[in-house]
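A.B. asks: Next up is a structure, given as structure tokens.
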Amino acid sequence: MTASFKAAAGILGALGTGTAGAGGLYYGTNVSIDHEIGHEFLGNEEEFNDSWKQKHEQLLTAQEDSLTSDLQGIRRTHNTKPSETGAKALREWCNSMRNSSYKNIFKSENKQLLGLTKKYCIQSLKDKMASDKLPTLTGNTDQETFKTNYKKLKSHQDQQGKLDSELLELKSSFNEGQAETKWTSIQSWCSRALEKAFKGSKDNLFLLTETFCKKA
């Protein structure tokens, strides 16, 4: 028996003799949007309302041909800002996309849908932070901010956010006199942390970025 024959036989065996076998194979290999990135979606609670409004405003500036027909419909119907109804419509669209298939054995990755849900259903910590509070994350323009924030490690308490391994290492070797050089470590940490998703005002990473990544 050739290798190709064995492979074909294996697939046919998995599919079975009817639709039940094919359905089982589909569900066994189906990856939903929720499975892929749903844990990063903005929440439905009131504290996320401003974030949804910002996402709706972002939708209004998008190129028409970059959107699916349903997103185009939301933009046409709710074409002013700020718009609570537009934000609500976008939130409902995002929630409806959770069970959509990102990929399965019968089709390749739906990169457009994944990209759109990432863009309009997730907000980074950087985008959540007010622009006048966001320091420059490269170069030495805001080194004084990061020097000050490095020094906060000395008295940091877990109530302000539990330190991750990288920040714990900086705290364990803390020396106020090293702020002149160690500030770059805080800046580097912030540049990565602020790319993560905003998951609410009580989320540990949000609390840490509020302490170490924000201008006074």
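Convention: chains lettered A, B, ... in structure tokens order; per-chain residue numbering from 1; ligands numbered from 1 as shown.
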Would you pick out the contacts of A:Tyr150 at 10 Å or less, using only C-alpha atoms, so that residues sharing its chain but fewer than 3 positions from it are not included, and give the list as number ranges by chain?
C.D. replies: A: 144-147, 153-154, 167, 170-171, 174-176, 178-180, 182-187, 211-213
A.B. asks: Restricting it to N, CA and C atoms, dump the selection as a compact mmCIF listing (two decimals), in the first residue's frame.
C.D. replies:
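In the end it all went to again_11.txt:
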# COMPACT_ATOMS: atom_id res chain seq x y z
N GLU A 144 13.18 61.23 32.00
CA GLU A 144 12.89 61.66 33.37
C GLU A 144 11.64 60.96 33.91
N THR A 145 10.66 60.76 33.04
CA THR A 145 9.46 60.01 33.45
C THR A 145 9.82 58.60 33.88
N PHE A 146 10.65 57.94 33.09
CA PHE A 146 11.01 56.55 33.40
C PHE A 146 11.96 56.45 34.58
N LYS A 147 12.77 57.47 34.81
CA LYS A 147 13.60 57.49 36.02
C LYS A 147 12.71 57.56 37.26
N LEU A 153 9.51 51.48 42.22
CA LEU A 153 9.68 50.07 42.58
C LEU A 153 9.99 49.89 44.06
N LYS A 154 10.71 50.84 44.63
CA LYS A 154 11.17 50.73 46.02
C LYS A 154 10.02 50.54 46.99
N LEU A 167 9.79 42.78 36.46
CA LEU A 167 9.77 43.90 37.41
C LEU A 167 10.26 43.45 38.78
N LEU A 170 13.94 43.64 38.79
CA LEU A 170 14.40 45.02 38.92
C LEU A 170 14.26 45.51 40.36
N LYS A 171 13.16 45.09 41.01
CA LYS A 171 12.95 45.52 42.40
C LYS A 171 13.96 44.87 43.33
N PHE A 174 17.06 46.72 43.26
CA PHE A 174 16.81 48.17 43.21
C PHE A 174 17.92 48.97 43.90
N ASN A 175 18.32 50.01 43.22
CA ASN A 175 19.28 50.97 43.76
C ASN A 175 18.92 52.32 43.16
N GLU A 176 18.47 53.22 44.00
CA GLU A 176 18.01 54.52 43.50
C GLU A 176 19.06 55.22 42.66
N GLN A 178 20.92 53.94 40.55
CA GLN A 178 21.00 53.35 39.22
C GLN A 178 19.89 53.81 38.29
N ALA A 179 19.08 54.73 38.76
CA ALA A 179 17.99 55.24 37.93
C ALA A 179 18.50 55.84 36.63
N GLU A 180 19.72 56.37 36.65
CA GLU A 180 20.30 56.98 35.45
C GLU A 180 20.47 55.99 34.31
N LYS A 182 18.96 52.42 34.72
CA LYS A 182 17.89 51.42 34.78
C LYS A 182 16.57 51.91 34.19
N TRP A 183 16.45 53.21 33.95
CA TRP A 183 15.19 53.72 33.39
C TRP A 183 14.88 53.08 32.04
N THR A 184 15.92 52.70 31.31
CA THR A 184 15.69 52.08 30.00
C THR A 184 15.01 50.72 30.13
N SER A 185 15.24 50.04 31.25
CA SER A 185 14.58 48.75 31.48
C SER A 185 13.08 48.94 31.68
N ILE A 186 12.72 50.00 32.39
CA ILE A 186 11.30 50.31 32.58
C ILE A 186 10.68 50.71 31.25
N GLN A 187 11.38 51.53 30.48
CA GLN A 187 10.87 51.94 29.17
C GLN A 187 10.65 50.73 28.26
N THR A 211 1.10 52.62 36.82
CA THR A 211 2.15 53.02 37.75
C THR A 211 3.47 53.32 37.05
N PHE A 212 3.88 52.44 36.14
CA PHE A 212 5.24 52.51 35.60
C PHE A 212 5.34 53.08 34.18
N CYS A 213 4.22 53.29 33.52
CA CYS A 213 4.28 53.69 32.10
C CYS A 213 3.56 55.00 31.82
A.B. asks: Need the shell around stretch 100-109 of chain A: protein/DNA/RNA residues with any atom at most 6 Å away, counting only C-alpha atoms. Skip same-chain ones fewer than 4 positions apart. Format as a PyMOL selection string?
C.D. replies: chain A and resi 29-33
A.B. asks: Keeping N, CA and C atoms, export the residues of the selection given above as an mmCIF file, in the first residue's frame.
C.D. replies:
data_model
loop_
_atom_site.group_PDB
_atom_site.id
_atom_site.type_symbol
_atom_site.label_atom_id
_atom_site.label_comp_id
_atom_site.auth_asym_id
_atom_site.auth_seq_id
_atom_site.Cartn_x
_atom_site.Cartn_y
_atom_site.Cartn_z
ATOM 1 N N THR A 29 -11.747 20.263 14.178
ATOM 2 C CA THR A 29 -10.639 21.081 13.670
ATOM 3 C C THR A 29 -11.003 22.557 13.557
ATOM 4 N N ASN A 30 -12.254 22.905 13.847
ATOM 5 C CA ASN A 30 -12.693 24.295 13.716
ATOM 6 C C ASN A 30 -12.085 25.167 14.815
ATOM 7 N N VAL A 31 -11.528 26.301 14.407
ATOM 8 C CA VAL A 31 -10.985 27.273 15.356
ATOM 9 C C VAL A 31 -11.798 28.551 15.223
ATOM 10 N N SER A 32 -12.501 28.926 16.272
ATOM 11 C CA SER A 32 -13.342 30.122 16.232
ATOM 12 C C SER A 32 -12.535 31.375 16.556
ATOM 13 N N ILE A 33 -13.115 32.508 16.217
ATOM 14 C CA ILE A 33 -12.515 33.792 16.585
ATOM 15 C C ILE A 33 -12.385 33.880 18.105
#
A.B. asks: Quick one: residues within 8 Å of stretch 56-59 of chain A, only C-alpha atoms, excluding same-chain residues fewer than 6 positions away - as a VMD selection string?
C.D. replies: chain A and resid 75 81 to 83 86 to 87 90 120
A.B. asks: Quote the spacing between atom CA of A:Asp127 and atom CA of A:Lys55 in Å to one decimal place.
C.D. replies: 9.9 Å
A.B. asks: Quick one: distance from atom CA of A:Leu208 to atom CA of A:Glu36 in Å, one decimal?
C.D. replies: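 Atom CA of A:Glu36 lies 25.3 Å from atom CA of A:Leu208.
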A.B. asks: Find, counting only C-alpha atoms, the residue in A:Gln160, A:Thr141, A:Asn95, A:Gln63 that gets nearest to A:Asn204.
C.D. replies: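 Once distances to A:Asn204 are computed over only C-alpha atoms, the minimum belongs to A:Gln160.
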A.B. asks: Tell me, as a list in words, which residues lie within 6 Å of stretch 161-166 of chain A, counting only C-alpha atoms; anything in the same chain fewer than 2 positions away does not count.
C.D. replies: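 Within the cut-off, the hits are Asp158, Gln159, Leu168, Glu169, Asn204, Leu207 and Leu208 of chain A.
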A.B. asks: Using the selection just defined, write its residues with N, CA and C atoms as a PDB file, in the first residue's frame.
C.D. replies:
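What landed in result.pdb:
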ATOM      1  N   ASP A 158       1.628  45.219  46.360  1.00  0.00           N
ATOM      2  CA  ASP A 158       0.847  44.368  45.467  1.00  0.00           C
ATOM      3  C   ASP A 158      -0.534  44.932  45.164  1.00  0.00           C
ATOM      4  N   GLN A 159      -1.056  45.774  46.056  1.00  0.00           N
ATOM      5  CA  GLN A 159      -2.362  46.377  45.805  1.00  0.00           C
ATOM      6  C   GLN A 159      -2.338  47.256  44.556  1.00  0.00           C
ATOM      7  N   LEU A 168       9.944  42.218  39.147  1.00  0.00           N
ATOM      8  CA  LEU A 168      10.440  41.695  40.427  1.00  0.00           C
ATOM      9  C   LEU A 168      11.964  41.657  40.458  1.00  0.00           C
ATOM     10  N   GLU A 169      12.558  41.294  39.342  1.00  0.00           N
ATOM     11  CA  GLU A 169      14.016  41.258  39.266  1.00  0.00           C
ATOM     12  C   GLU A 169      14.596  42.657  39.414  1.00  0.00           C
ATOM     13  N   ASN A 204      -4.532  43.279  36.361  1.00  0.00           N
ATOM     14  CA  ASN A 204      -3.210  43.467  36.951  1.00  0.00           C
ATOM     15  C   ASN A 204      -2.265  44.242  36.040  1.00  0.00           C
ATOM     16  N   LEU A 207      -3.053  47.945  35.952  1.00  0.00           N
ATOM     17  CA  LEU A 207      -2.591  48.622  37.170  1.00  0.00           C
ATOM     18  C   LEU A 207      -1.089  48.892  37.112  1.00  0.00           C
ATOM     19  N   LEU A 208      -0.331  47.931  36.611  1.00  0.00           N
ATOM     20  CA  LEU A 208       1.122  48.109  36.520  1.00  0.00           C
ATOM     21  C   LEU A 208       1.489  49.200  35.522  1.00  0.00           C
TER      22      LEU A 208
END
A.B. asks: Could you pull the residues within 6 Å of stretch 188-194 of chain A, counting only C-alpha atoms, minus those fewer than 6 positions along the same chain, as a count of residues only?
C.D. replies: 4
A.B. asks: Pick the closest to A:Glu84 from A:Asp50, A:Glu210, A:Asp70, A:Asp65: which is it, counting only C-alpha atoms?
C.D. replies: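 When distances to A:Glu84 are compared using only C-alpha atoms, the smallest one comes from A:Asp50.
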A.B. asks: Find the residues around stretch 38-44 of chain A up to 10 Å (only C-alpha atoms counted), leave out those fewer than 5 positions away in its own chain, and share them as a PyMOL selection string.
C.D. replies: chain A and resi 32-33+49+51-52+88+91-92+94-95+97-99+117-118+120-124+196-200
A.B. asks: Keeping C-alpha atoms for every residue in the selection just given, could you write it to a file as an mmCIF file, in the first residue's frame?
C.D. replies:
data_model
loop_
_atom_site.group_PDB
_atom_site.id
_atom_site.type_symbol
_atom_site.label_atom_id
_atom_site.label_comp_id
_atom_site.auth_asym_id
_atom_site.auth_seq_id
_atom_site.Cartn_x
_atom_site.Cartn_y
_atom_site.Cartn_z
ATOM 1 C CA SER A 32 -13.342 30.122 16.232
ATOM 2 C CA ILE A 33 -12.515 33.792 16.585
ATOM 3 C CA ASN A 49 -18.210 52.165 27.220
ATOM 4 C CA SER A 51 -13.389 52.201 24.803
ATOM 5 C CA TRP A 52 -16.225 51.078 22.532
ATOM 6 C CA LYS A 88 -23.319 49.544 21.046
ATOM 7 C CA ARG A 91 -19.957 45.859 20.474
ATOM 8 C CA GLU A 92 -22.840 43.638 19.368
ATOM 9 C CA CYS A 94 -17.930 41.889 17.962
ATOM 10 C CA ASN A 95 -19.876 39.592 20.259
ATOM 11 C CA MET A 97 -18.225 37.298 15.686
ATOM 12 C CA ARG A 98 -17.052 35.172 18.604
ATOM 13 C CA ASN A 99 -18.491 31.964 17.175
ATOM 14 C CA THR A 117 -11.931 41.754 14.982
ATOM 15 C CA LYS A 118 -8.459 42.555 16.288
ATOM 16 C CA TYR A 120 -12.368 46.897 16.287
ATOM 17 C CA CYS A 121 -12.972 44.521 19.218
ATOM 18 C CA ILE A 122 -9.666 44.871 21.086
ATOM 19 C CA GLN A 123 -8.076 48.002 22.537
ATOM 20 C CA SER A 124 -4.415 48.103 23.476
ATOM 21 C CA LYS A 196 -1.313 44.129 25.337
ATOM 22 C CA ALA A 197 -5.102 44.294 25.497
ATOM 23 C CA PHE A 198 -7.033 46.468 27.955
ATOM 24 C CA LYS A 199 -9.136 44.108 30.085
ATOM 25 C CA GLY A 200 -10.563 46.476 32.651
#
